[in-house]
>>> print(open('work.tsv').read())   # TSV, C-alpha atoms
chain	number	residue	atom	x	y	z
A	90	ALA	CA	21.99	10.37	8.54
A	91	SER	CA	18.26	11.01	8.22
A	92	VAL	CA	18.33	11.25	4.41
A	93	CYS	CA	20.49	8.13	4.25
A	94	ARG	CA	18.00	6.25	6.42
A	95	MET	CA	15.10	7.37	4.22
A	96	TRP	CA	17.02	6.33	1.12
A	97	LEU	CA	17.90	2.96	2.63
A	98	GLY	CA	14.32	2.27	3.68
A	99	ALA	CA	12.85	3.22	0.30
A	100	PHE	CA	15.52	1.22	-1.51
A	101	LEU	CA	15.00	-1.91	0.59
A	102	GLY	CA	11.22	-1.63	0.40
A	103	ILE	CA	10.89	-1.09	-3.34
A	104	ALA	CA	13.82	-3.32	-4.32
A	105	GLY	CA	12.37	-6.06	-2.10
A	106	LEU	CA	8.98	-5.79	-3.78
A	107	GLY	CA	10.66	-5.72	-7.20
A	108	PHE	CA	12.72	-8.79	-6.35
A	109	LEU	CA	9.59	-10.69	-5.38
A	110	ASP	CA	7.83	-9.47	-8.52
A	111	LEU	CA	10.60	-10.82	-10.75
A	112	ASN	CA	11.02	-14.11	-8.91
A	113	VAL	CA	7.48	-15.42	-8.69
A	114	PRO	CA	7.46	-18.57	-10.87
A	115	ASP	CA	5.84	-18.21	-14.28
A	116	GLY	CA	2.20	-19.19	-14.34
A	117	GLN	CA	1.70	-17.99	-10.78
A	118	ASP	CA	0.80	-14.38	-11.46
A	119	THR	CA	0.28	-13.60	-7.81
A	120	PHE	CA	2.63	-10.68	-7.29
A	121	VAL	CA	2.99	-7.42	-9.14
A	122	LEU	CA	5.01	-4.36	-8.21
A	123	THR	CA	2.56	-1.46	-8.28
A	124	SER	CA	3.48	2.21	-8.54
A	125	SER	CA	1.35	3.13	-5.52
A	126	PHE	CA	3.96	1.45	-3.30
A	127	GLY	CA	6.46	4.10	-4.42
A	128	ALA	CA	4.17	6.75	-2.95
A	129	SER	CA	3.77	4.66	0.22
A	130	ALA	CA	7.55	4.51	0.54
A	131	VAL	CA	7.66	8.32	0.50
A	132	LEU	CA	5.29	8.34	3.47
A	133	VAL	CA	6.66	5.51	5.62
A	134	PHE	CA	10.31	6.44	5.12
A	135	GLY	CA	10.15	10.16	4.35
A	136	ASN	CA	7.33	11.24	6.66
A	137	ARG	CA	7.06	8.34	9.13
A	138	ARG	CA	5.24	10.35	11.83
A	139	HIS	CA	2.29	11.37	9.66
A	140	PHE	CA	-1.09	9.69	10.19
A	141	PHE	CA	-0.99	8.50	6.55
A	142	ALA	CA	2.24	6.57	7.25
A	143	GLN	CA	0.99	4.57	10.24
A	144	PRO	CA	0.23	0.84	9.89
A	145	ARG	CA	-3.55	1.34	10.13
A	146	SER	CA	-3.46	3.72	7.16
A	147	LEU	CA	-0.75	1.92	5.20
A	148	ILE	CA	-2.33	-1.53	5.34
A	149	GLY	CA	-5.98	-0.60	5.77
A	150	GLY	CA	-5.88	2.08	3.09
A	151	HIS	CA	-4.27	-0.18	0.50
A	152	VAL	CA	-6.42	-3.24	1.26
A	153	LEU	CA	-9.74	-1.41	1.34
A	154	SER	CA	-8.85	0.55	-1.79
A	155	ALA	CA	-7.89	-2.65	-3.61
A	156	ILE	CA	-11.25	-4.20	-2.73
A	157	VAL	CA	-13.10	-1.12	-3.98
A	158	GLY	CA	-11.00	-0.97	-7.15
A	159	VAL	CA	-11.51	-4.63	-8.04
A	160	LEU	CA	-15.23	-4.39	-7.32
A	161	SER	CA	-15.50	-1.28	-9.48
A	162	PHE	CA	-13.66	-2.99	-12.34
A	163	LYS	CA	-15.93	-6.02	-12.14
A	164	VAL	CA	-19.17	-4.02	-11.99
A	165	PHE	CA	-18.28	-1.37	-14.59
A	166	GLN	CA	-15.90	-3.41	-16.75
A	167	GLY	CA	-17.37	-2.24	-20.03
A	168	HIS	CA	-16.90	1.40	-19.06
A	169	PRO	CA	-13.29	1.88	-17.90
A	170	TRP	CA	-13.64	5.66	-17.44
A	171	LEU	CA	-16.59	5.08	-15.10
A	172	ALA	CA	-14.89	2.20	-13.27
A	173	ALA	CA	-11.77	4.34	-12.78
A	174	GLY	CA	-13.72	7.30	-11.42
A	175	ILE	CA	-15.99	5.26	-9.16
A	176	GLY	CA	-13.13	3.05	-7.97
A	177	THR	CA	-10.89	5.94	-7.01
A	178	ALA	CA	-13.65	8.07	-5.48
A	179	GLY	CA	-15.07	5.03	-3.70
A	180	ALA	CA	-11.65	4.19	-2.28
A	181	ILE	CA	-11.31	7.71	-0.89
A	182	ALA	CA	-14.77	7.51	0.67
A	183	VAL	CA	-14.13	4.11	2.24
A	184	MET	CA	-10.73	5.15	3.60
A	185	GLN	CA	-12.21	8.34	5.02
A	186	ALA	CA	-15.14	6.46	6.60
A	187	THR	CA	-12.83	3.87	8.18
A	188	ASP	CA	-10.14	6.35	9.27
A	189	THR	CA	-7.54	4.56	7.13
A	190	LEU	CA	-6.75	7.39	4.71
A	191	HIS	CA	-3.54	6.61	2.83
A	192	PRO	CA	-3.25	8.71	-0.37
A	193	PRO	CA	-1.45	5.98	-2.35
A	194	GLY	CA	-4.60	3.88	-1.83
A	195	GLY	CA	-6.23	5.93	-4.57
A	196	GLY	CA	-3.54	4.65	-6.92
A	197	THR	CA	-4.10	1.11	-5.72
A	198	ALA	CA	-7.80	1.34	-6.57
A	199	LEU	CA	-7.09	2.96	-9.92
A	200	PHE	CA	-4.50	0.30	-10.83
A	201	ALA	CA	-7.12	-2.41	-10.22
A	202	VAL	CA	-9.12	-0.77	-13.02
A	203	ILE	CA	-6.48	0.44	-15.49
A	204	GLY	CA	-3.75	-2.10	-14.79
A	205	PRO	CA	-2.76	-4.84	-17.23
A	206	ASP	CA	-4.79	-7.98	-17.90
A	207	LYS	CA	-2.52	-9.76	-15.40
A	208	VAL	CA	-4.06	-7.62	-12.66
A	209	HIS	CA	-7.61	-8.01	-13.97
A	210	ASP	CA	-7.17	-11.79	-14.15
A	211	MET	CA	-6.24	-11.83	-10.45
A	212	GLY	CA	-9.65	-10.56	-9.43
A	213	PHE	CA	-9.86	-10.27	-5.66
A	214	PHE	CA	-6.51	-12.07	-5.26
A	215	TYR	CA	-5.06	-8.66	-6.19
A	216	VAL	CA	-6.10	-7.60	-2.68
A	217	ILE	CA	-3.94	-10.32	-1.09
A	218	ALA	CA	-0.91	-10.10	-3.38
A	219	PRO	CA	0.41	-7.70	-4.35
A	220	VAL	CA	-1.55	-5.26	-2.19
A	221	ALA	CA	-1.76	-6.69	1.34
A	222	ALA	CA	1.54	-8.56	1.02
A	223	GLY	CA	3.30	-5.49	-0.37
A	224	ALA	CA	1.92	-3.18	2.31
A	225	VAL	CA	2.94	-5.60	5.07
A	226	LEU	CA	6.43	-5.95	3.59
A	227	LEU	CA	6.84	-2.17	3.45
A	228	MET	CA	5.63	-1.90	7.05
A	229	LEU	CA	8.10	-4.57	8.25
A	230	ILE	CA	11.01	-2.83	6.53
A	231	ALA	CA	9.83	0.51	7.95
A	232	LEU	CA	9.78	-1.03	11.44
A	233	VAL	CA	13.42	-2.04	11.10
A	234	VAL	CA	14.82	0.99	9.28
A	235	ASN	CA	12.84	3.65	11.14
A	236	ASN	CA	13.77	2.22	14.53
A	237	ILE	CA	17.52	1.87	13.97
A	238	ALA	CA	18.21	5.02	15.98
A	239	THR	CA	17.02	5.05	19.59
A	240	ASP	CA	15.72	8.62	19.28
A	241	ARG	CA	13.19	7.60	16.61
A	242	ARG	CA	9.98	5.67	16.82
A	243	TYR	CA	7.84	3.99	14.21
A	244	PRO	CA	4.99	3.61	14.30
A	245	GLU	CA	3.55	6.49	16.25
A	246	PHE	CA	0.55	4.20	16.80
A	247	TRP	CA	-0.58	0.86	15.43
A	248	TRP	CA	-4.35	1.12	15.04
A	249	PHE	CA	-5.74	3.96	17.14
A	250	PRO	CA	-3.89	7.27	17.68
A	251	ASP	CA	-5.17	7.84	21.22
A	252	SER	CA	-4.64	4.31	22.50
A	253	GLU	CA	-0.85	4.39	22.70
>>> encode(input="work.tsv", output="structure tokens")
Amino acid sequence: ASVCRMWLGAFLGIAGLGFLDLNVPDGQDTFVLTSSFGASAVLVFGNRRHFFAQPRSLIGGHVLSAIVGVLSFKVFQGHPWLAAGIGTAGAIAVMQATDTLHPPGGGTALFAVIGPDKVHDMGFFYVIAPVAAGAVLLMLIALVVNNIATDRRYPEFWWFPDSE
């Protein structure tokens, strides 16, 4: 039952993001399915109790990392190797400093630098969609799937581990 629930959650989360990605009208490049959401699905469905899987880390880690990644791309655009290194390292530092560490956030920052022109053309809109919107969608699906059984609870905490 547990493996089936993990499978169902990951399927619904990633398929839902993919469906949105394919159905955004042409000319409105506002949504892209990013590979870092696959890693997030592993956490929120496969290891839902871990600090990295909680909403604060899932949403905060992705959003802050996206901001750092886009900023790094814009500042170091002529030097992609430097932008990639600074963006990823900067994302880790910001997540650590804000207690929002979510390992897939490193991928989110890196994708802002090495992703296709479609992503670069988004600029800071990349932070809103796909990143924030995708993280929120994964969290909503995780809330439903991870709480189907009464003996399970997700999230363990929303924003602060000791407050709940």
>>> closest_residue(input="work.tsv", among="A:Val234, A:Val202, A:Arg242, A:Ser125", to="Met95 in chain A", atoms="only C-alpha atoms")
A:Val234
>>> residues_around(input="work.tsv", residues="His209 in chain A", least_positions_apart="6", cutoff="10 Å", atoms="all atoms listed in the file", output="list of chain:residue names")
A:Val159, A:Phe162, A:Lys163, A:Gln166, A:Phe200, A:Ala201, A:Val202, A:Ile203, A:Tyr215
>>> axis_aligned_box(input="work.tsv", around="range 160-173 of chain A", padding_each_side="6 Å", output="JSON")
{"center_x": -15.5, "center_y": -0.2, "center_z": -13.7, "size_x": 19.4, "size_y": 23.7, "size_z": 24.7}
>>> residues_around(input="work.tsv", residues="Arg137 in chain A", least_positions_apart="2", cutoff="12 Å", atoms="all atoms listed in the file", output="PDB file with C-alpha atoms, in the frame of the given file")
ATOM      1  CA  SER A  91      18.260  11.010   8.220  1.00  0.00           C
ATOM      2  CA  ARG A  94      18.000   6.250   6.420  1.00  0.00           C
ATOM      3  CA  MET A  95      15.100   7.370   4.220  1.00  0.00           C
ATOM      4  CA  GLY A  98      14.320   2.270   3.680  1.00  0.00           C
ATOM      5  CA  ALA A  99      12.850   3.220   0.300  1.00  0.00           C
ATOM      6  CA  SER A 129       3.770   4.660   0.220  1.00  0.00           C
ATOM      7  CA  ALA A 130       7.550   4.510   0.540  1.00  0.00           C
ATOM      8  CA  VAL A 131       7.660   8.320   0.500  1.00  0.00           C
ATOM      9  CA  LEU A 132       5.290   8.340   3.470  1.00  0.00           C
ATOM     10  CA  VAL A 133       6.660   5.510   5.620  1.00  0.00           C
ATOM     11  CA  PHE A 134      10.310   6.440   5.120  1.00  0.00           C
ATOM     12  CA  GLY A 135      10.150  10.160   4.350  1.00  0.00           C
ATOM     13  CA  HIS A 139       2.290  11.370   9.660  1.00  0.00           C
ATOM     14  CA  PHE A 140      -1.090   9.690  10.190  1.00  0.00           C
ATOM     15  CA  PHE A 141      -0.990   8.500   6.550  1.00  0.00           C
ATOM     16  CA  ALA A 142       2.240   6.570   7.250  1.00  0.00           C
ATOM     17  CA  GLN A 143       0.990   4.570  10.240  1.00  0.00           C
ATOM     18  CA  PRO A 144       0.230   0.840   9.890  1.00  0.00           C
ATOM     19  CA  SER A 146      -3.460   3.720   7.160  1.00  0.00           C
ATOM     20  CA  LEU A 147      -0.750   1.920   5.200  1.00  0.00           C
ATOM     21  CA  LEU A 227       6.840  -2.170   3.450  1.00  0.00           C
ATOM     22  CA  MET A 228       5.630  -1.900   7.050  1.00  0.00           C
ATOM     23  CA  ALA A 231       9.830   0.510   7.950  1.00  0.00           C
ATOM     24  CA  LEU A 232       9.780  -1.030  11.440  1.00  0.00           C
ATOM     25  CA  VAL A 234      14.820   0.990   9.280  1.00  0.00           C
ATOM     26  CA  ASN A 235      12.840   3.650  11.140  1.00  0.00           C
ATOM     27  CA  ASN A 236      13.770   2.220  14.530  1.00  0.00           C
ATOM     28  CA  ARG A 241      13.190   7.600  16.610  1.00  0.00           C
ATOM     29  CA  ARG A 242       9.980   5.670  16.820  1.00  0.00           C
ATOM     30  CA  TYR A 243       7.840   3.990  14.210  1.00  0.00           C
ATOM     31  CA  PRO A 244       4.990   3.610  14.300  1.00  0.00           C
ATOM     32  CA  GLU A 245       3.550   6.490  16.250  1.00  0.00           C
ATOM     33  CA  PHE A 246       0.550   4.200  16.800  1.00  0.00           C
TER      34      PHE A 246
END
>>> atom_distance(input="work.tsv", atom1="CA of His151 in chain A", atom2="CA of Trp170 in chain A")
21.1 Å
>>> atom_distance(input="work.tsv", atom1="CA of Trp247 in chain A", atom2="CA of Val152 in chain A")
15.9 Å
>>> atom_distance(input="work.tsv", atom1="CA of Asp188 in chain A", atom2="CA of Val233 in chain A")
25.1 Å
>>> closest_residue(input="work.tsv", among="A:Gly107, A:Gly179, A:Gly102, A:Gly150", to="Leu122 in chain A", atoms="all atoms listed in the file")
A:Gly107
>>> residues_around(input="work.tsv", residues="Val220 in chain A", least_positions_apart="4", cutoff="10 Å", atoms="all atoms listed in the file", output="NGL selection string")
:A and (120-123 or 125-126 or 148 or 151-156 or 194 or 197 or 214-216 or 224-226)
>>> closest_residue(input="work.tsv", among="A:Leu109, A:Pro192, A:Thr187, A:Val157", to="Ile175 in chain A", atoms="all atoms listed in the file")
A:Val157
>>> residues_around(input="work.tsv", residues="Leu101 in chain A", least_positions_apart="4", cutoff="8 Å", atoms="all atoms listed in the file", output="list in words")
Leu97, Gly105 and Ile230 of chain A
>>> closest_residue(input="work.tsv", among="A:Pro169, A:Gly195, A:Gly204, A:Pro219", to="Ala182 in chain A", atoms="only C-alpha atoms")
A:Gly195
>>> residues_around(input="work.tsv", residues="Gly174 in chain A", least_positions_apart="2", cutoff="10 Å", atoms="all atoms listed in the file", output="list of chain:residue names")
A:Gly158, A:Ser161, A:Pro169, A:Trp170, A:Leu171, A:Ala172, A:Gly176, A:Thr177, A:Ala178, A:Gly179, A:Ala180, A:Ala198, A:Leu199, A:Val202
>>> build_atoms(input="work.tsv", residues="range 241-252 of chain A", atoms="all heavy atoms", output="compact mmCIF listing (two decimals), in the coordinates of the input")
# COMPACT_ATOMS: atom_id res chain seq x y z
N ARG A 241 14.29 7.64 17.57
CA ARG A 241 13.19 7.60 16.61
C ARG A 241 12.22 6.51 17.00
O ARG A 241 12.58 5.54 17.66
CB ARG A 241 13.73 7.31 15.20
CG ARG A 241 14.62 8.40 14.67
CD ARG A 241 15.36 7.95 13.43
NE ARG A 241 14.51 7.43 12.38
CZ ARG A 241 14.04 8.13 11.37
NH1 ARG A 241 14.33 9.41 11.27
NH2 ARG A 241 13.28 7.59 10.44
N ARG A 242 10.99 6.68 16.53
CA ARG A 242 9.98 5.67 16.82
C ARG A 242 9.05 5.53 15.63
O ARG A 242 8.58 6.52 15.09
CB ARG A 242 9.18 6.08 18.05
CG ARG A 242 8.12 5.08 18.44
CD ARG A 242 7.41 5.55 19.66
NE ARG A 242 5.99 5.69 19.30
CZ ARG A 242 5.05 6.06 20.13
NH1 ARG A 242 5.35 6.40 21.35
NH2 ARG A 242 3.80 6.13 19.75
N TYR A 243 8.85 4.30 15.22
CA TYR A 243 7.84 3.99 14.21
C TYR A 243 7.24 2.65 14.60
O TYR A 243 7.98 1.73 14.90
CB TYR A 243 8.43 3.90 12.80
CG TYR A 243 7.38 3.53 11.77
CD1 TYR A 243 6.54 4.49 11.24
CD2 TYR A 243 7.20 2.21 11.38
CE1 TYR A 243 5.56 4.16 10.32
CE2 TYR A 243 6.22 1.87 10.46
CZ TYR A 243 5.40 2.84 9.93
OH TYR A 243 4.42 2.50 9.05
N PRO A 244 5.96 2.57 14.63
CA PRO A 244 4.99 3.61 14.30
C PRO A 244 4.69 4.51 15.49
O PRO A 244 5.03 4.19 16.63
CB PRO A 244 3.74 2.80 13.93
CG PRO A 244 3.84 1.56 14.78
CD PRO A 244 5.32 1.26 14.87
N GLU A 245 4.03 5.60 15.19
CA GLU A 245 3.55 6.49 16.25
C GLU A 245 2.39 5.82 16.98
O GLU A 245 2.18 6.04 18.15
CB GLU A 245 3.08 7.83 15.66
CG GLU A 245 4.20 8.64 15.03
CD GLU A 245 5.20 9.13 16.06
OE1 GLU A 245 4.78 9.69 17.08
OE2 GLU A 245 6.41 8.94 15.83
N PHE A 246 1.63 5.03 16.25
CA PHE A 246 0.55 4.20 16.80
C PHE A 246 0.29 3.08 15.81
O PHE A 246 0.62 3.19 14.63
CB PHE A 246 -0.72 5.01 17.07
CG PHE A 246 -1.34 5.62 15.83
CD1 PHE A 246 -2.27 4.92 15.08
CD2 PHE A 246 -0.97 6.90 15.41
CE1 PHE A 246 -2.81 5.47 13.93
CE2 PHE A 246 -1.52 7.46 14.27
CZ PHE A 246 -2.44 6.74 13.52
N TRP A 247 -0.28 1.98 16.30
CA TRP A 247 -0.58 0.86 15.43
C TRP A 247 -1.95 1.01 14.77
O TRP A 247 -2.09 1.01 13.57
CB TRP A 247 -0.50 -0.47 16.18
CG TRP A 247 0.92 -0.89 16.37
CD1 TRP A 247 1.72 -0.64 17.43
CD2 TRP A 247 1.72 -1.60 15.43
NE1 TRP A 247 2.98 -1.15 17.21
CE2 TRP A 247 3.01 -1.75 15.99
CE3 TRP A 247 1.48 -2.12 14.15
CZ2 TRP A 247 4.03 -2.41 15.34
CZ3 TRP A 247 2.51 -2.77 13.51
CH2 TRP A 247 3.77 -2.90 14.09
N TRP A 248 -2.98 1.10 15.60
CA TRP A 248 -4.35 1.12 15.04
C TRP A 248 -5.14 2.34 15.45
O TRP A 248 -5.95 2.83 14.69
CB TRP A 248 -5.11 -0.16 15.40
CG TRP A 248 -4.35 -1.36 14.90
CD1 TRP A 248 -3.73 -2.30 15.64
CD2 TRP A 248 -4.11 -1.72 13.53
NE1 TRP A 248 -3.10 -3.22 14.83
CE2 TRP A 248 -3.33 -2.89 13.51
CE3 TRP A 248 -4.45 -1.17 12.31
CZ2 TRP A 248 -2.91 -3.51 12.34
CZ3 TRP A 248 -4.04 -1.79 11.13
CH2 TRP A 248 -3.29 -2.94 11.17
N PHE A 249 -4.95 2.83 16.66
CA PHE A 249 -5.74 3.96 17.14
C PHE A 249 -4.81 5.01 17.73
O PHE A 249 -4.08 4.72 18.66
CB PHE A 249 -6.77 3.51 18.18
CG PHE A 249 -7.69 2.46 17.65
CD1 PHE A 249 -7.53 1.12 18.00
CD2 PHE A 249 -8.71 2.78 16.77
CE1 PHE A 249 -8.37 0.14 17.49
CE2 PHE A 249 -9.56 1.81 16.26
CZ PHE A 249 -9.39 0.49 16.62
N PRO A 250 -4.84 6.24 17.24
CA PRO A 250 -3.89 7.27 17.68
C PRO A 250 -3.92 7.55 19.18
O PRO A 250 -2.90 7.83 19.76
CB PRO A 250 -4.30 8.52 16.91
CG PRO A 250 -5.26 8.10 15.87
CD PRO A 250 -5.74 6.73 16.21
N ASP A 251 -5.08 7.48 19.80
CA ASP A 251 -5.17 7.84 21.22
C ASP A 251 -4.92 6.68 22.17
O ASP A 251 -4.90 6.86 23.38
CB ASP A 251 -6.54 8.44 21.51
CG ASP A 251 -6.76 9.74 20.74
OD1 ASP A 251 -5.75 10.41 20.44
OD2 ASP A 251 -7.91 10.05 20.42
N SER A 252 -4.73 5.47 21.63
CA SER A 252 -4.64 4.31 22.50
C SER A 252 -3.21 4.00 22.92
O SER A 252 -2.98 3.10 23.72
CB SER A 252 -5.24 3.08 21.83
OG SER A 252 -4.46 2.71 20.70
